[in-house]
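J.: My structure is below; once you've seen it, I'll send some questions.
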Amino acid sequence: MNSQIDWPEPIVRVQSLSDSGVPVIPDRYVKPPTERPSINSDIAASDVNIPIIDLQGLLYGDDHNLRTTILAQISDACRNWGFFQIVNHGISPQLLDRAREVWREFFHLPSEIKQSYANSPKTYEGYGSRLGVEKGAILDWSDYYFLHLLPSTLKDYNKWPAVPSYAREVIDEYGKELVKLCGRLMKILSVNLGLSEEVLQNAFGGEDIGACLRVNYYPKCPQPDLTLGLSSHSDPGGMTLLLPDNQVTGLQVRKDNKWITVKPARHAFIVNIGDQIQVLSNAIYKSVEHRVIVNSANERVSLAFFYNPKSDIPIEPTKELVTPDNPALYPPMTFDEYRLFIRLRGPRGKSQVDSLKSPRNCCK
């Protein structure tokens, strides 16, 4: 899919920079002043948070009024926030804790073991330290590990960490549970658009969908006010389920032109709408800019699970949502085409999906 064979410059592991005790971060990681974390424009210590939604009454209860209330909460979050947290989602807290610890252990392995899984921009699969292939680009203060879970033709256990010894077993179980949970959420999102519950899932390819995992490692940073762990972007795929660090905050969501620091609920997933669902919903649901800040005192680990359409199906606004008064805002584009567009450019706010809008409708 991507003809780029190797990175344009030698890869430097951010963790090695952090561990070396450098007092000043290299220029390659210093963001332009307008992109740096700013106390004046951030809402970090206030009571503001993204919505927290308890799914128990929806997934396991039979109280009609409660179900209606929860559906309305999810609908409002998708339309006005693009982000929400879910608790009582049906996945065991023990599995969440084990998954997080597997990856924390991996990132603390000797560098030569981690390096044996080093990735390339051809597929991004494996251990990496940059997104995008633009030579001289300003980089993010993070390392990561990327792997495929679906389709099965892309799932390659040999590209998954073999250490710790139980890593592959835990990652596999975690992935299968999240695929099932995303299937349930897709039905809810579809019904909340006034569609039959299978419409969005069928637009993704039915059961023939894509799923992948990117585990983010944000080392301690000596100058956190000058850089970001992950630059502002909206997620290019369908839906993301993030398992955040259980002790250290860092994710920020853009809301009303301010950055809100997400305060994770215990054993919650953070759900966010991706660009493909924004397109399918004809922008009724919003994929929203978010970024990650770092700090000088603590490392941070998070697991981002991406639930995506089949890569070669054209994604366009759902026909039932297109009317003369609400014309289609986006032309058809496969996820493969969109992903290549993203990978070559790296994270760039909301400009990626917005640039796809049909010119005649972009000002509506």
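In the structure tokens, the first chain shown is A, the next is B, and so on; residue numbers restart at 1 for each chain, and ligands run from 1 in the order shown.
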Hey, what does DSSP flag as strand (DSSP E or B) within range 224-301 of chain A? Can you give it to me as a ChimeraX atom specification?
T.: /A:230-233,239-243,251-255,258-261,269-273,290-292,300-301
J.: If you run DSSP over the backbone, which residues in range 65-250 of chain A end up helix (DSSP H, G or I)? Put them as a PyMOL selection string.
T.: chain A and resi 65-80+93-107+111-115+157-159+167-192+199-204
J.: Any idea what's packed within 8 Å of Leu251 in chain A, counting only C-alpha atoms, ignoring anything in its chain fewer than 5 positions away? Could you give it as a ChimeraX atom specification?
T.: /A:261-262,290-293
J.: Let me see the file: selected residues, N, CA, C and O atoms, as a PDB file, in the first residue's frame.
T.:
ATOM      1  N   THR A 261      -8.413  18.314  29.551  1.00  0.00           N
ATOM      2  CA  THR A 261      -7.667  17.125  29.952  1.00  0.00           C
ATOM      3  C   THR A 261      -8.642  16.066  30.475  1.00  0.00           C
ATOM      4  O   THR A 261      -9.385  16.307  31.423  1.00  0.00           O
ATOM      5  N   VAL A 262      -8.640  14.909  29.827  1.00  0.00           N
ATOM      6  CA  VAL A 262      -9.562  13.836  30.194  1.00  0.00           C
ATOM      7  C   VAL A 262      -9.120  13.206  31.511  1.00  0.00           C
ATOM      8  O   VAL A 262      -7.955  12.871  31.708  1.00  0.00           O
ATOM      9  N   HIS A 290      -7.768  15.696  19.083  1.00  0.00           N
ATOM     10  CA  HIS A 290      -7.227  15.405  20.406  1.00  0.00           C
ATOM     11  C   HIS A 290      -5.714  15.322  20.309  1.00  0.00           C
ATOM     12  O   HIS A 290      -5.145  15.229  19.217  1.00  0.00           O
ATOM     13  N   ARG A 291      -5.067  15.393  21.455  1.00  0.00           N
ATOM     14  CA  ARG A 291      -3.609  15.368  21.509  1.00  0.00           C
ATOM     15  C   ARG A 291      -3.208  14.797  22.865  1.00  0.00           C
ATOM     16  O   ARG A 291      -4.057  14.550  23.725  1.00  0.00           O
ATOM     17  N   VAL A 292      -1.915  14.587  23.034  1.00  0.00           N
ATOM     18  CA  VAL A 292      -1.419  14.052  24.298  1.00  0.00           C
ATOM     19  C   VAL A 292      -0.298  14.938  24.816  1.00  0.00           C
ATOM     20  O   VAL A 292       0.644  15.263  24.076  1.00  0.00           O
ATOM     21  N   ILE A 293      -0.418  15.362  26.069  1.00  0.00           N
ATOM     22  CA  ILE A 293       0.652  16.117  26.708  1.00  0.00           C
ATOM     23  C   ILE A 293       1.501  15.153  27.540  1.00  0.00           C
ATOM     24  O   ILE A 293       1.053  14.068  27.904  1.00  0.00           O
TER      25      ILE A 293
END
J.: Which one of A:Ala203, A:Ala118, A:Leu213, A:Leu195 sits closest to Lys155 in chain A if you count only C-alpha atoms?
T.: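 Ranked by minimum distance to Lys155 in chain A, first place goes to A:Leu213.
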J.: Could you build a table of the residues in range 247-320 of chain A lying no more than 10 Å from range 85-88 of chain A, giving for each the nearest pair of atoms and their separation in Å rounded to one decimal place, using only C-alpha atoms, ordered by chain and ascending residue number, as CSV?
T.:
residue,atom,partner,partner_atom,distance
A:Val262,CA,A:Gln85,CA,9.5
A:Lys263,CA,A:Gln85,CA,9.6
A:Pro264,CA,A:Gln85,CA,7.6
A:Ala265,CA,A:Gln85,CA,7.5
A:Arg266,CA,A:Val87,CA,8.1
A:His267,CA,A:Val87,CA,7.0
A:Ala268,CA,A:Val87,CA,4.9
A:Phe269,CA,A:Ile86,CA,5.4
A:Ile270,CA,A:Gln85,CA,4.4
A:Val271,CA,A:Gln85,CA,5.9
A:Asn272,CA,A:Gln85,CA,8.7
J.: Please, could you write that set of residues out with N, CA, C and O atoms as a tab-separated table (two decimals), in the first residue's frame?
T.:
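Contents of part_23.tsv, as written:
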chain	number	residue	atom	x	y	z
A	262	VAL	N	-8.64	14.91	29.83
A	262	VAL	CA	-9.56	13.84	30.19
A	262	VAL	C	-9.12	13.21	31.51
A	262	VAL	O	-7.95	12.87	31.71
A	263	LYS	N	-10.10	13.05	32.40
A	263	LYS	CA	-9.85	12.39	33.68
A	263	LYS	C	-10.48	11.00	33.60
A	263	LYS	O	-11.72	10.87	33.69
A	264	PRO	N	-9.67	9.95	33.41
A	264	PRO	CA	-10.23	8.62	33.17
A	264	PRO	C	-10.91	8.05	34.41
A	264	PRO	O	-10.42	8.16	35.53
A	265	ALA	N	-12.07	7.45	34.18
A	265	ALA	CA	-12.72	6.67	35.23
A	265	ALA	C	-12.02	5.31	35.34
A	265	ALA	O	-11.44	4.82	34.37
A	266	ARG	N	-12.08	4.72	36.51
A	266	ARG	CA	-11.38	3.45	36.73
A	266	ARG	C	-11.96	2.35	35.84
A	266	ARG	O	-13.17	2.15	35.78
A	267	HIS	N	-11.07	1.65	35.14
A	267	HIS	CA	-11.42	0.54	34.26
A	267	HIS	C	-12.43	0.94	33.18
A	267	HIS	O	-13.22	0.11	32.70
A	268	ALA	N	-12.40	2.19	32.80
A	268	ALA	CA	-13.25	2.67	31.70
A	268	ALA	C	-12.46	2.62	30.39
A	268	ALA	O	-11.23	2.64	30.38
A	269	PHE	N	-13.21	2.53	29.30
A	269	PHE	CA	-12.65	2.80	27.98
A	269	PHE	C	-13.04	4.21	27.56
A	269	PHE	O	-14.16	4.66	27.85
A	270	ILE	N	-12.14	4.87	26.90
A	270	ILE	CA	-12.46	6.15	26.26
A	270	ILE	C	-12.78	5.84	24.80
A	270	ILE	O	-11.95	5.30	24.07
A	271	VAL	N	-14.00	6.16	24.39
A	271	VAL	CA	-14.46	5.90	23.02
A	271	VAL	C	-14.39	7.19	22.23
A	271	VAL	O	-14.84	8.23	22.72
A	272	ASN	N	-13.83	7.13	21.03
A	272	ASN	CA	-13.94	8.31	20.19
A	272	ASN	C	-14.30	7.95	18.76
A	272	ASN	O	-13.92	6.90	18.24
J.: Find the residues near range 3-17 of chain A: any atom within 8 Å, counting only C-alpha atoms, skip ones fewer than 4 places away on the same chain, and give them as a PyMOL selection string.
T.: chain A and resi 21-22+120-122+129-130+133-135+141-143+218-219
J.: When you count only C-alpha atoms, which of these residues is closest to Ser75 in chain A: A:Val179, A:Leu189, A:Ile209, A:Ile171?
T.: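 Under the stated criterion, the closest residue is A:Leu189.
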J.: Env of Asp336 in chain A: 12 Å cut, atoms = only C-alpha atoms, seq-sep filter 6 positions within chain, self excluded. Answer as an mmCIF file with C-alpha atoms, in the first residue's frame.
T.:
data_model
loop_
_atom_site.group_PDB
_atom_site.id
_atom_site.type_symbol
_atom_site.label_atom_id
_atom_site.label_comp_id
_atom_site.auth_asym_id
_atom_site.auth_seq_id
_atom_site.Cartn_x
_atom_site.Cartn_y
_atom_site.Cartn_z
ATOM 1 C CA MET A 1 0.000 0.000 0.000
ATOM 2 C CA ASN A 2 2.856 2.365 0.810
ATOM 3 C CA THR A 123 3.295 -1.239 7.246
ATOM 4 C CA GLY A 210 -10.082 -4.262 10.188
ATOM 5 C CA PRO A 236 -8.542 8.314 10.612
ATOM 6 C CA GLY A 237 -10.373 5.027 11.214
ATOM 7 C CA GLN A 276 -14.808 7.119 8.738
ATOM 8 C CA ASN A 308 -11.904 0.130 10.997
ATOM 9 C CA PRO A 309 -13.792 -0.532 7.765
ATOM 10 C CA LYS A 310 -12.620 -3.197 5.336
ATOM 11 C CA SER A 311 -9.763 -1.446 3.608
ATOM 12 C CA ASP A 312 -11.008 -1.579 0.003
ATOM 13 C CA ILE A 313 -14.686 -0.603 0.466
ATOM 14 C CA PRO A 314 -15.564 2.956 -0.619
ATOM 15 C CA ILE A 315 -16.769 4.902 2.423
ATOM 16 C CA ILE A 342 -2.642 10.202 6.502
ATOM 17 C CA ARG A 343 0.530 8.135 6.818
#
J.: I'd like the contact shell of Glu177 in chain A - 10 Å cut-off, only C-alpha atoms, skipping same-chain residues fewer than 3 positions apart - returned as JSON, numbers by chain.
T.: {"A": [90, 91, 92, 95, 172, 173, 174, 180, 181, 182]}
J.: Would you mind reading off the distance between CA of Asp140 in chain A and CA of Arg214 in chain A, one decimal, in Å?
T.: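 These atoms are spaced 14.9 Å apart.
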J.: Can you tell me how far CA of Pro317 in chain A sits from CA of Ser234 in chain A, in Å to one decimal?
T.: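 The value is 18.1 Å.
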J.: Excluding same-chain residues fewer than 4 positions from Asn298 in chain A, what lies within 12 Å of it counting only C-alpha atoms, as a list in words?
T.: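 The filter keeps Ser18, Tyr217, Tyr218, Pro219, Lys220, Cys221, Pro222, Pro224, Asp245, Gln247, Val248, Thr249, Gly250, Ile293 and Val294 of chain A.
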J.: For Asp27 in chain A, which residue among A:Val191, A:Ile138, A:Leu154, A:Ala162 is the nearest when counting only C-alpha atoms?
T.: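 With only C-alpha atoms as the atom set, the closest residue is A:Ile138.
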J.: Just checking: using only C-alpha atoms, which residue out of A:Ala297, A:Ala99, A:Val322, A:Val288 ends up closest to Asn80 in chain A?
T.: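 The shortest atom-to-atom distance to Asn80 in chain A comes from A:Val288.
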J.: By how many Å are CA of Gln223 in chain A and CA of Val30 in chain A apart?
T.: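 Calculated distance between CA of Gln223 in chain A and CA of Val30 in chain A is 9.1 Å.
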